[in-house]
>>> print(open('structure.cif').read())   # mmCIF, C-alpha atoms
data_entry
#
loop_
_atom_site.group_PDB
_atom_site.id
_atom_site.type_symbol
_atom_site.label_atom_id
_atom_site.label_comp_id
_atom_site.auth_asym_id
_atom_site.auth_seq_id
_atom_site.Cartn_x
_atom_site.Cartn_y
_atom_site.Cartn_z
ATOM 1 C CA ARG A 2 31.111 30.742 23.120
ATOM 2 C CA GLU A 3 28.397 28.289 24.090
ATOM 3 C CA ASN A 4 27.333 27.185 20.619
ATOM 4 C CA PHE A 5 27.343 23.991 18.572
ATOM 5 C CA ASP A 6 30.777 24.801 17.101
ATOM 6 C CA HIS A 7 32.241 24.522 20.608
ATOM 7 C CA PHE A 8 30.221 21.519 21.780
ATOM 8 C CA SER A 9 32.549 18.560 22.337
ATOM 9 C CA TYR A 10 31.595 14.895 22.562
ATOM 10 C CA SER A 11 34.990 14.128 24.125
ATOM 11 C CA TYR A 12 33.541 14.583 27.635
ATOM 12 C CA TYR A 13 31.061 11.733 27.122
ATOM 13 C CA SER A 14 32.242 8.149 27.483
ATOM 14 C CA ASP A 15 31.181 5.352 25.153
ATOM 15 C CA GLU A 16 31.670 2.918 28.051
ATOM 16 C CA ASP A 17 29.507 4.658 30.664
ATOM 17 C CA ILE A 18 26.094 3.021 30.105
ATOM 18 C CA SER A 19 22.724 4.198 31.431
ATOM 19 C CA PRO A 20 20.897 1.331 33.187
ATOM 20 C CA THR A 21 17.587 2.961 32.204
ATOM 21 C CA THR A 22 18.106 3.272 28.444
ATOM 22 C CA GLY A 23 21.059 0.968 27.773
ATOM 23 C CA LEU A 24 22.712 3.818 25.845
ATOM 24 C CA SER A 25 26.200 5.122 26.522
ATOM 25 C CA ALA A 26 26.821 8.696 27.691
ATOM 26 C CA LEU A 27 28.246 9.409 24.224
ATOM 27 C CA ALA A 28 25.227 7.972 22.368
ATOM 28 C CA THR A 29 22.931 9.908 24.683
ATOM 29 C CA ALA A 30 24.809 13.166 24.011
ATOM 30 C CA ARG A 31 24.663 12.561 20.253
ATOM 31 C CA HIS A 32 20.905 11.934 20.508
ATOM 32 C CA ALA A 33 20.505 15.122 22.592
ATOM 33 C CA VAL A 34 22.269 17.221 19.942
ATOM 34 C CA GLU A 35 20.076 15.640 17.217
ATOM 35 C CA GLU A 36 16.968 16.552 19.251
ATOM 36 C CA CYS A 37 18.254 20.130 19.636
ATOM 37 C CA HIS A 38 18.777 20.471 15.877
ATOM 38 C CA HIS A 39 15.323 19.015 15.230
ATOM 39 C CA PHE A 40 13.882 21.530 17.717
ATOM 40 C CA ILE A 41 15.615 24.430 15.890
ATOM 41 C CA ASP A 42 14.726 23.199 12.377
ATOM 42 C CA ALA A 43 11.048 22.749 13.249
ATOM 43 C CA PHE A 44 10.779 25.966 15.274
ATOM 44 C CA ASP A 45 8.884 27.857 12.546
ATOM 45 C CA ASN A 46 6.308 25.143 11.998
ATOM 46 C CA LYS A 47 5.279 23.891 15.399
ATOM 47 C CA PRO A 48 5.983 24.902 18.987
ATOM 48 C CA GLN A 49 7.992 22.275 20.842
ATOM 49 C CA ASN A 50 9.447 22.029 24.310
ATOM 50 C CA LEU A 51 12.593 20.427 25.709
ATOM 51 C CA PHE A 52 13.216 19.148 29.228
ATOM 52 C CA PHE A 53 16.902 18.533 30.040
ATOM 53 C CA TYR A 54 17.652 16.611 33.213
ATOM 54 C CA GLY A 55 20.709 15.015 34.755
ATOM 55 C CA GLY A 56 23.418 15.608 37.327
ATOM 56 C CA THR A 57 25.573 18.692 37.777
ATOM 57 C CA GLY A 58 27.985 19.549 34.977
ATOM 58 C CA VAL A 59 26.666 17.195 32.285
ATOM 59 C CA GLY A 60 26.087 19.872 29.613
ATOM 60 C CA LYS A 61 22.414 20.800 30.085
ATOM 61 C CA THR A 62 22.931 24.566 30.253
ATOM 62 C CA PHE A 63 25.550 24.474 27.486
ATOM 63 C CA LEU A 64 23.148 22.721 25.095
ATOM 64 C CA THR A 65 20.332 25.058 26.084
ATOM 65 C CA ASN A 66 22.567 28.025 25.247
ATOM 66 C CA CYS A 67 23.484 26.428 21.908
ATOM 67 C CA VAL A 68 19.789 26.263 20.997
ATOM 68 C CA ALA A 69 19.143 29.800 22.270
ATOM 69 C CA LYS A 70 22.025 31.204 20.198
ATOM 70 C CA GLU A 71 20.803 29.532 17.002
ATOM 71 C CA LEU A 72 17.308 30.950 17.504
ATOM 72 C CA LEU A 73 18.580 34.434 18.447
ATOM 73 C CA ASP A 74 20.683 34.405 15.268
ATOM 74 C CA LYS A 75 17.486 33.665 13.318
ATOM 75 C CA GLY A 76 15.742 36.681 14.882
ATOM 76 C CA TYR A 77 13.545 34.959 17.479
ATOM 77 C CA SER A 78 12.988 36.443 20.927
ATOM 78 C CA VAL A 79 14.561 34.358 23.680
ATOM 79 C CA ILE A 80 14.381 35.020 27.416
ATOM 80 C CA TYR A 81 16.699 33.135 29.786
ATOM 81 C CA PHE A 82 16.108 32.893 33.528
ATOM 82 C CA THR A 83 17.455 30.686 36.238
ATOM 83 C CA ALA A 84 14.500 29.268 38.157
ATOM 84 C CA PHE A 85 15.443 31.502 41.091
ATOM 85 C CA GLN A 86 15.361 34.633 38.883
ATOM 86 C CA LEU A 87 12.079 33.634 37.245
ATOM 87 C CA PHE A 88 10.200 33.075 40.494
ATOM 88 C CA ASP A 89 11.732 36.223 42.002
ATOM 89 C CA ILE A 90 10.371 38.305 39.088
ATOM 90 C CA LEU A 91 6.978 36.605 39.277
ATOM 91 C CA SER A 92 6.725 37.169 43.046
ATOM 92 C CA LYS A 93 7.595 40.881 42.654
ATOM 93 C CA GLY A 94 4.849 41.238 40.070
ATOM 94 C CA VAL A 95 2.276 39.445 42.210
ATOM 95 C CA PHE A 96 3.116 40.633 45.733
ATOM 96 C CA GLU A 97 4.844 43.994 45.248
ATOM 97 C CA LYS A 98 3.006 45.090 42.087
ATOM 98 C CA ASP A 99 6.427 46.100 40.719
ATOM 99 C CA SER A 100 5.810 47.687 37.279
ATOM 100 C CA ASP A 101 9.051 46.346 35.724
ATOM 101 C CA ALA A 102 8.270 42.862 37.003
ATOM 102 C CA ILE A 103 4.714 43.082 35.644
ATOM 103 C CA ALA A 104 6.030 44.104 32.190
ATOM 104 C CA THR A 105 8.555 41.240 32.284
ATOM 105 C CA HIS A 106 5.725 38.922 33.349
ATOM 106 C CA GLN A 107 3.984 39.583 30.008
ATOM 107 C CA ASN A 108 7.216 38.939 28.068
ATOM 108 C CA ILE A 109 7.607 35.621 29.888
ATOM 109 C CA PHE A 110 4.353 34.457 28.291
ATOM 110 C CA ASP A 111 4.898 36.027 24.859
ATOM 111 C CA CYS A 112 8.582 35.490 23.926
ATOM 112 C CA ASP A 113 9.286 32.911 21.231
ATOM 113 C CA LEU A 114 11.453 30.815 23.565
ATOM 114 C CA LEU A 115 11.552 30.859 27.355
ATOM 115 C CA VAL A 116 14.477 29.121 29.044
ATOM 116 C CA ILE A 117 14.092 28.101 32.693
ATOM 117 C CA ASP A 118 17.499 26.895 33.875
ATOM 118 C CA ASP A 119 18.202 24.965 37.089
ATOM 119 C CA LEU A 120 14.598 24.248 38.038
ATOM 120 C CA GLY A 121 14.594 23.009 41.630
ATOM 121 C CA THR A 122 17.269 25.408 42.921
ATOM 122 C CA GLU A 123 14.578 27.865 43.985
ATOM 123 C CA LEU A 124 12.692 27.525 47.269
ATOM 124 C CA ILE A 125 9.938 25.107 46.271
ATOM 125 C CA ASN A 126 6.608 26.031 47.841
ATOM 126 C CA SER A 127 2.960 26.419 46.824
ATOM 127 C CA PHE A 128 3.680 29.778 45.154
ATOM 128 C CA THR A 129 6.547 28.541 42.974
ATOM 129 C CA SER A 130 4.611 25.374 42.151
ATOM 130 C CA SER A 131 1.541 27.351 41.053
ATOM 131 C CA GLN A 132 3.656 29.845 39.082
ATOM 132 C CA LEU A 133 5.485 27.033 37.265
ATOM 133 C CA PHE A 134 2.119 25.577 36.275
ATOM 134 C CA LEU A 135 0.982 29.025 35.105
ATOM 135 C CA CYS A 136 4.125 29.490 32.953
ATOM 136 C CA VAL A 137 4.019 25.999 31.464
ATOM 137 C CA ASN A 138 0.274 26.039 30.837
ATOM 138 C CA GLU A 139 0.035 29.608 29.534
ATOM 139 C CA ARG A 140 2.891 29.074 27.088
ATOM 140 C CA LEU A 141 1.295 25.834 25.847
ATOM 141 C CA ILE A 142 -1.989 27.677 25.275
ATOM 142 C CA ARG A 143 -0.166 30.477 23.406
ATOM 143 C CA GLN A 144 1.820 27.872 21.441
ATOM 144 C CA LYS A 145 5.176 29.216 22.602
ATOM 145 C CA SER A 146 8.243 27.016 23.101
ATOM 146 C CA THR A 147 9.976 26.452 26.430
ATOM 147 C CA ILE A 148 13.181 24.743 27.529
ATOM 148 C CA ILE A 149 13.529 23.609 31.136
ATOM 149 C CA SER A 150 16.703 22.187 32.661
ATOM 150 C CA THR A 151 17.082 20.637 36.086
ATOM 151 C CA ASN A 152 19.384 18.509 38.225
ATOM 152 C CA LEU A 153 16.319 16.849 39.746
ATOM 153 C CA SER A 154 15.229 13.377 38.701
ATOM 154 C CA VAL A 155 11.888 12.923 36.971
ATOM 155 C CA GLU A 156 10.532 11.325 40.175
ATOM 156 C CA ARG A 157 11.675 14.317 42.232
ATOM 157 C CA ILE A 158 10.046 16.766 39.790
ATOM 158 C CA LYS A 159 6.798 14.841 40.158
ATOM 159 C CA GLU A 160 7.058 14.985 43.976
ATOM 160 C CA SER A 161 8.164 18.627 44.194
ATOM 161 C CA TYR A 162 5.634 20.224 41.852
ATOM 162 C CA SER A 163 1.948 19.547 41.378
ATOM 163 C CA GLU A 164 0.596 16.526 39.534
ATOM 164 C CA ARG A 165 -1.039 18.942 37.066
ATOM 165 C CA THR A 166 2.301 20.597 36.270
ATOM 166 C CA PHE A 167 4.107 17.295 35.878
ATOM 167 C CA SER A 168 1.329 15.980 33.631
ATOM 168 C CA ARG A 169 1.567 19.031 31.328
ATOM 169 C CA ILE A 170 5.357 18.677 31.106
ATOM 170 C CA LEU A 171 5.184 14.918 30.528
ATOM 171 C CA ASP A 172 2.644 15.334 27.712
ATOM 172 C CA SER A 173 4.211 18.314 25.948
ATOM 173 C CA TYR A 174 8.005 18.150 26.392
ATOM 174 C CA THR A 175 10.749 16.016 24.868
ATOM 175 C CA PHE A 176 12.759 14.611 27.799
ATOM 176 C CA ILE A 177 16.542 14.498 27.393
ATOM 177 C CA ASN A 178 18.608 12.856 30.140
ATOM 178 C CA LEU A 179 22.303 13.740 29.955
ATOM 179 C CA PHE A 180 24.967 12.024 32.049
ATOM 180 C CA THR A 181 28.738 11.737 32.293
ATOM 181 C CA GLU A 182 31.138 9.772 34.432
ATOM 182 C CA GLU A 183 32.575 13.030 35.804
ATOM 183 C CA ASP A 184 31.377 16.659 35.892
ATOM 184 C CA ILE A 185 32.466 18.310 32.599
ATOM 185 C CA ARG A 186 33.744 21.386 34.465
ATOM 186 C CA LYS A 187 36.094 19.129 36.464
ATOM 187 C CA GLN A 188 37.158 17.350 33.275
ATOM 188 C CA LYS A 189 38.004 20.707 31.669
ATOM 189 C CA ARG A 190 40.041 21.811 34.689
ATOM 190 C CA THR A 191 41.924 18.496 34.713
ATOM 191 C CA ARG A 192 42.736 18.854 31.003
ATOM 192 C CA ILE A 193 44.022 22.419 31.502
ATOM 193 C CA ILE A 194 46.158 21.421 34.497
ATOM 194 C CA SER A 195 47.629 18.389 32.713
ATOM 195 C CA ARG A 196 48.795 20.437 29.710
#
>>> encode(input="structure.cif", output="structure tokens")
Amino acid sequence: RENFDHFSYSYYSDEDISPTTGLSALATARHAVEECHHFIDAFDNKPQNLFFYGGTGVGKTFLTNCVAKELLDKGYSVIYFTAFQLFDILSKGVFEKDSDAIATHQNIFDCDLLVIDDLGTELINSFTSSQLFLCVNERLIRQKSTIISTNLSVERIKESYSERTFSRILDSYTFINLFTEEDIRKQKRTRIISR
């Protein structure tokens, strides 16, 4: 159900303006969808990466799933993890030598698209910071595409993870900042209740 056919611009206001870009929430959402289509259309030719950021319930995961579905439909391999799941798998491979985790570890580097959702919800420490760098860097070297989404601000990402990691992301990812006046999940509930 989370695909471009079900994506609605009605949750994004044309009057809610970002002080950073001067664009409305609606214009920003339209630009985000254009970037997603560009990402999908160019997927064969050149590896690209997307970095969605913004508050809770602004459509980051929904758009990520829209992209993932389009690429799955075209026969690409896509792996989706929440940040918590990703670092849990990586820690099992490193510390417990878990064979399933080690096999998954290889797929994390080799799949056509890796999605890391909700970066920053995991316990951030030196291990997760180093493993994020490893994932980002290794996938760049192998020319594989990655999508990261987070509720953290760009400044907070820079503070929470290493300078090296932030530098790689800044240089190699298209940043997309989504925002709405009110959490889309709340807007949906309100619309259902008011019917």
>>> atom_distance(input="structure.cif", atom1="atom CA of Leu115 of chain A", atom2="atom CA of Tyr10 of chain A")
26.1 Å
>>> resolve_selection(input="structure.cif", expression="the PyMOL selection byres ((chain A and resi 173) around 9)", output="list in words")
Gln49, Asn50, Leu51, Leu141, Ser168, Arg169, Ile170, Leu171, Asp172, Tyr174 and Thr175 of chain A
>>> resolve_selection(input="structure.cif", expression="the PyMOL selection byres ((chain A and resi 48) around 10)", output="mmCIF file with C-alpha atoms, in the frame of the given file")
data_model
loop_
_atom_site.group_PDB
_atom_site.id
_atom_site.type_symbol
_atom_site.label_atom_id
_atom_site.label_comp_id
_atom_site.auth_asym_id
_atom_site.auth_seq_id
_atom_site.Cartn_x
_atom_site.Cartn_y
_atom_site.Cartn_z
ATOM 1 C CA PHE A 40 13.882 21.530 17.717
ATOM 2 C CA ALA A 43 11.048 22.749 13.249
ATOM 3 C CA PHE A 44 10.779 25.966 15.274
ATOM 4 C CA ASP A 45 8.884 27.857 12.546
ATOM 5 C CA ASN A 46 6.308 25.143 11.998
ATOM 6 C CA LYS A 47 5.279 23.891 15.399
ATOM 7 C CA GLN A 49 7.992 22.275 20.842
ATOM 8 C CA ASN A 50 9.447 22.029 24.310
ATOM 9 C CA ASP A 113 9.286 32.911 21.231
ATOM 10 C CA LEU A 114 11.453 30.815 23.565
ATOM 11 C CA ARG A 140 2.891 29.074 27.088
ATOM 12 C CA LEU A 141 1.295 25.834 25.847
ATOM 13 C CA ARG A 143 -0.166 30.477 23.406
ATOM 14 C CA GLN A 144 1.820 27.872 21.441
ATOM 15 C CA LYS A 145 5.176 29.216 22.602
ATOM 16 C CA SER A 146 8.243 27.016 23.101
ATOM 17 C CA THR A 147 9.976 26.452 26.430
ATOM 18 C CA SER A 173 4.211 18.314 25.948
#
>>> closest_residue(input="structure.cif", among="A:Phe53, A:Phe96, A:Phe82, A:Tyr162", to="Gly121 of chain A", atoms="all atoms listed in the file")
A:Tyr162
>>> atom_distance(input="structure.cif", atom1="atom CA of Asn4 of chain A", atom2="atom CA of Gly60 of chain A")
11.7 Å
>>> closest_residue(input="structure.cif", among="A:Ile185, A:Phe176, A:Ile109, A:Phe88", to="Phe8 of chain A", atoms="only C-alpha atoms")
A:Ile185
>>> resolve_selection(input="structure.cif", expression="the PyMOL selection byres ((chain A and resi 58) around 10)", output="PyMOL selection string")
chain A and resi 55-57+59-63+152+179-181+183-188
>>> write_last_selection(input="structure.cif", atoms="C-alpha atoms", output="PDB file, in the coordinates of the input")
ATOM      1  CA  GLY A  55      20.709  15.015  34.755  1.00  0.00           C
ATOM      2  CA  GLY A  56      23.418  15.608  37.327  1.00  0.00           C
ATOM      3  CA  THR A  57      25.573  18.692  37.777  1.00  0.00           C
ATOM      4  CA  VAL A  59      26.666  17.195  32.285  1.00  0.00           C
ATOM      5  CA  GLY A  60      26.087  19.872  29.613  1.00  0.00           C
ATOM      6  CA  LYS A  61      22.414  20.800  30.085  1.00  0.00           C
ATOM      7  CA  THR A  62      22.931  24.566  30.253  1.00  0.00           C
ATOM      8  CA  PHE A  63      25.550  24.474  27.486  1.00  0.00           C
ATOM      9  CA  ASN A 152      19.384  18.509  38.225  1.00  0.00           C
ATOM     10  CA  LEU A 179      22.303  13.740  29.955  1.00  0.00           C
ATOM     11  CA  PHE A 180      24.967  12.024  32.049  1.00  0.00           C
ATOM     12  CA  THR A 181      28.738  11.737  32.293  1.00  0.00           C
ATOM     13  CA  GLU A 183      32.575  13.030  35.804  1.00  0.00           C
ATOM     14  CA  ASP A 184      31.377  16.659  35.892  1.00  0.00           C
ATOM     15  CA  ILE A 185      32.466  18.310  32.599  1.00  0.00           C
ATOM     16  CA  ARG A 186      33.744  21.386  34.465  1.00  0.00           C
ATOM     17  CA  LYS A 187      36.094  19.129  36.464  1.00  0.00           C
ATOM     18  CA  GLN A 188      37.158  17.350  33.275  1.00  0.00           C
TER      19      GLN A 188
END
>>> axis_aligned_box(input="structure.cif", around="segment 124-142 of chain A", padding_each_side="8 Å", output="AutoDock Vina command-line options")
--center_x 5.4 --center_y 27.5 --center_z 36.6 --size_x 30.7 --size_y 20.7 --size_z 38.6
>>> closest_residue(input="structure.cif", among="A:Asn66, A:Asn138, A:Ser163, A:Ser154", to="Phe5 of chain A", atoms="all atoms listed in the file")
A:Asn66
>>> closest_residue(input="structure.cif", among="A:Phe167, A:Gln107, A:Ile149, A:Glu156", to="Phe134 of chain A", atoms="all atoms listed in the file")
A:Phe167
>>> residues_near_point(input="structure.cif", point="(22.2, 33.4, 21.2)", cutoff="12 Å", atoms="all atoms listed in the file", output="ChimeraX atom specification")
/A:2-5,63-81,114,116
>>> atom_distance(input="structure.cif", atom1="atom CA of Leu91 of chain A", atom2="atom CA of Ile158 of chain A")
20.1 Å
>>> residues_around(input="structure.cif", residues="segment 16-19 of chain A", least_positions_apart="6", cutoff="9 Å", atoms="all atoms listed in the file", output="tab-separated table (two decimals) with C-alpha atoms, in the coordinates of the input")
chain	number	residue	atom	x	y	z
A	25	SER	CA	26.20	5.12	26.52
A	26	ALA	CA	26.82	8.70	27.69
A	27	LEU	CA	28.25	9.41	24.22
A	29	THR	CA	22.93	9.91	24.68
A	180	PHE	CA	24.97	12.02	32.05
A	181	THR	CA	28.74	11.74	32.29
A	182	GLU	CA	31.14	9.77	34.43
>>> closest_residue(input="structure.cif", among="A:Thr21, A:Thr122, A:Gln86, A:Ser100", to="Ser150 of chain A", atoms="all atoms listed in the file")
A:Thr122
>>> build_atoms(input="structure.cif", residues="segment 23-57 of chain A", atoms="N, CA and C atoms", output="short mmCIF file (atom, residue, chain, number, x, y, z; two decimals), in the coordinates of the input")
data_model
loop_
_atom_site.label_atom_id
_atom_site.label_comp_id
_atom_site.auth_asym_id
_atom_site.auth_seq_id
_atom_site.Cartn_x
_atom_site.Cartn_y
_atom_site.Cartn_z
N GLY A 23 20.09 1.86 28.41
CA GLY A 23 21.06 0.97 27.77
C GLY A 23 21.98 1.69 26.80
N LEU A 24 21.86 3.02 26.73
CA LEU A 24 22.71 3.82 25.84
C LEU A 24 23.91 4.35 26.61
N SER A 25 25.01 4.53 25.90
CA SER A 25 26.20 5.12 26.52
C SER A 25 26.00 6.63 26.69
N ALA A 26 26.86 7.23 27.51
CA ALA A 26 26.82 8.70 27.69
C ALA A 26 27.05 9.39 26.35
N LEU A 27 27.95 8.84 25.54
CA LEU A 27 28.25 9.41 24.22
C LEU A 27 27.04 9.31 23.29
N ALA A 28 26.41 8.15 23.22
CA ALA A 28 25.23 7.97 22.37
C ALA A 28 24.10 8.89 22.82
N THR A 29 23.96 9.03 24.13
CA THR A 29 22.93 9.91 24.68
C THR A 29 23.20 11.36 24.30
N ALA A 30 24.45 11.79 24.38
CA ALA A 30 24.81 13.17 24.01
C ALA A 30 24.55 13.40 22.52
N ARG A 31 24.91 12.43 21.70
CA ARG A 31 24.66 12.56 20.25
C ARG A 31 23.15 12.69 19.97
N HIS A 32 22.37 11.87 20.66
CA HIS A 32 20.90 11.93 20.51
C HIS A 32 20.39 13.31 20.97
N ALA A 33 20.93 13.81 22.07
CA ALA A 33 20.50 15.12 22.59
C ALA A 33 20.77 16.23 21.58
N VAL A 34 21.93 16.20 20.95
CA VAL A 34 22.27 17.22 19.94
C VAL A 34 21.34 17.09 18.74
N GLU A 35 21.03 15.86 18.32
CA GLU A 35 20.08 15.64 17.22
C GLU A 35 18.72 16.24 17.57
N GLU A 36 18.26 16.00 18.81
CA GLU A 36 16.97 16.55 19.25
C GLU A 36 16.99 18.08 19.23
N CYS A 37 18.12 18.67 19.63
CA CYS A 37 18.25 20.13 19.64
C CYS A 37 18.16 20.68 18.22
N HIS A 38 18.84 20.02 17.27
CA HIS A 38 18.78 20.47 15.88
C HIS A 38 17.36 20.31 15.31
N HIS A 39 16.71 19.22 15.67
CA HIS A 39 15.32 19.02 15.23
C HIS A 39 14.43 20.13 15.79
N PHE A 40 14.64 20.46 17.05
CA PHE A 40 13.88 21.53 17.72
C PHE A 40 14.05 22.85 16.96
N ILE A 41 15.30 23.17 16.60
CA ILE A 41 15.62 24.43 15.89
C ILE A 41 15.01 24.40 14.48
N ASP A 42 15.20 23.29 13.76
CA ASP A 42 14.73 23.20 12.38
C ASP A 42 13.21 23.29 12.28
N ALA A 43 12.52 22.76 13.28
CA ALA A 43 11.05 22.75 13.25
C ALA A 43 10.43 23.96 13.96
N PHE A 44 11.27 24.88 14.42
CA PHE A 44 10.78 25.97 15.27
C PHE A 44 9.71 26.83 14.59
N ASP A 45 9.86 27.05 13.29
CA ASP A 45 8.88 27.86 12.55
C ASP A 45 7.52 27.19 12.45
N ASN A 46 7.53 25.88 12.33
CA ASN A 46 6.31 25.14 12.00
C ASN A 46 5.43 24.80 13.19
N LYS A 47 6.07 24.43 14.29
CA LYS A 47 5.28 23.89 15.40
C LYS A 47 6.01 24.14 16.71
N PRO A 48 5.31 24.69 17.70
CA PRO A 48 5.98 24.90 18.99
C PRO A 48 6.32 23.56 19.64
N GLN A 49 7.55 23.47 20.15
CA GLN A 49 7.99 22.28 20.84
C GLN A 49 8.63 22.71 22.16
N ASN A 50 8.86 21.74 23.01
CA ASN A 50 9.45 22.03 24.31
C ASN A 50 10.47 20.95 24.64
N LEU A 51 11.55 21.37 25.30
CA LEU A 51 12.59 20.43 25.71
C LEU A 51 12.73 20.45 27.23
N PHE A 52 13.01 19.29 27.79
CA PHE A 52 13.22 19.15 29.23
C PHE A 52 14.53 18.39 29.43
N PHE A 53 15.60 19.14 29.78
CA PHE A 53 16.90 18.53 30.04
C PHE A 53 17.01 18.19 31.52
N TYR A 54 17.42 16.96 31.81
CA TYR A 54 17.65 16.61 33.21
C TYR A 54 18.89 15.73 33.32
N GLY A 55 19.48 15.77 34.51
CA GLY A 55 20.71 15.02 34.76
C GLY A 55 21.51 15.71 35.84
N GLY A 56 22.60 15.08 36.23
CA GLY A 56 23.42 15.61 37.33
C GLY A 56 24.08 16.93 36.99
N THR A 57 24.84 17.43 37.94
CA THR A 57 25.57 18.69 37.78
C THR A 57 26.70 18.53 36.76
#
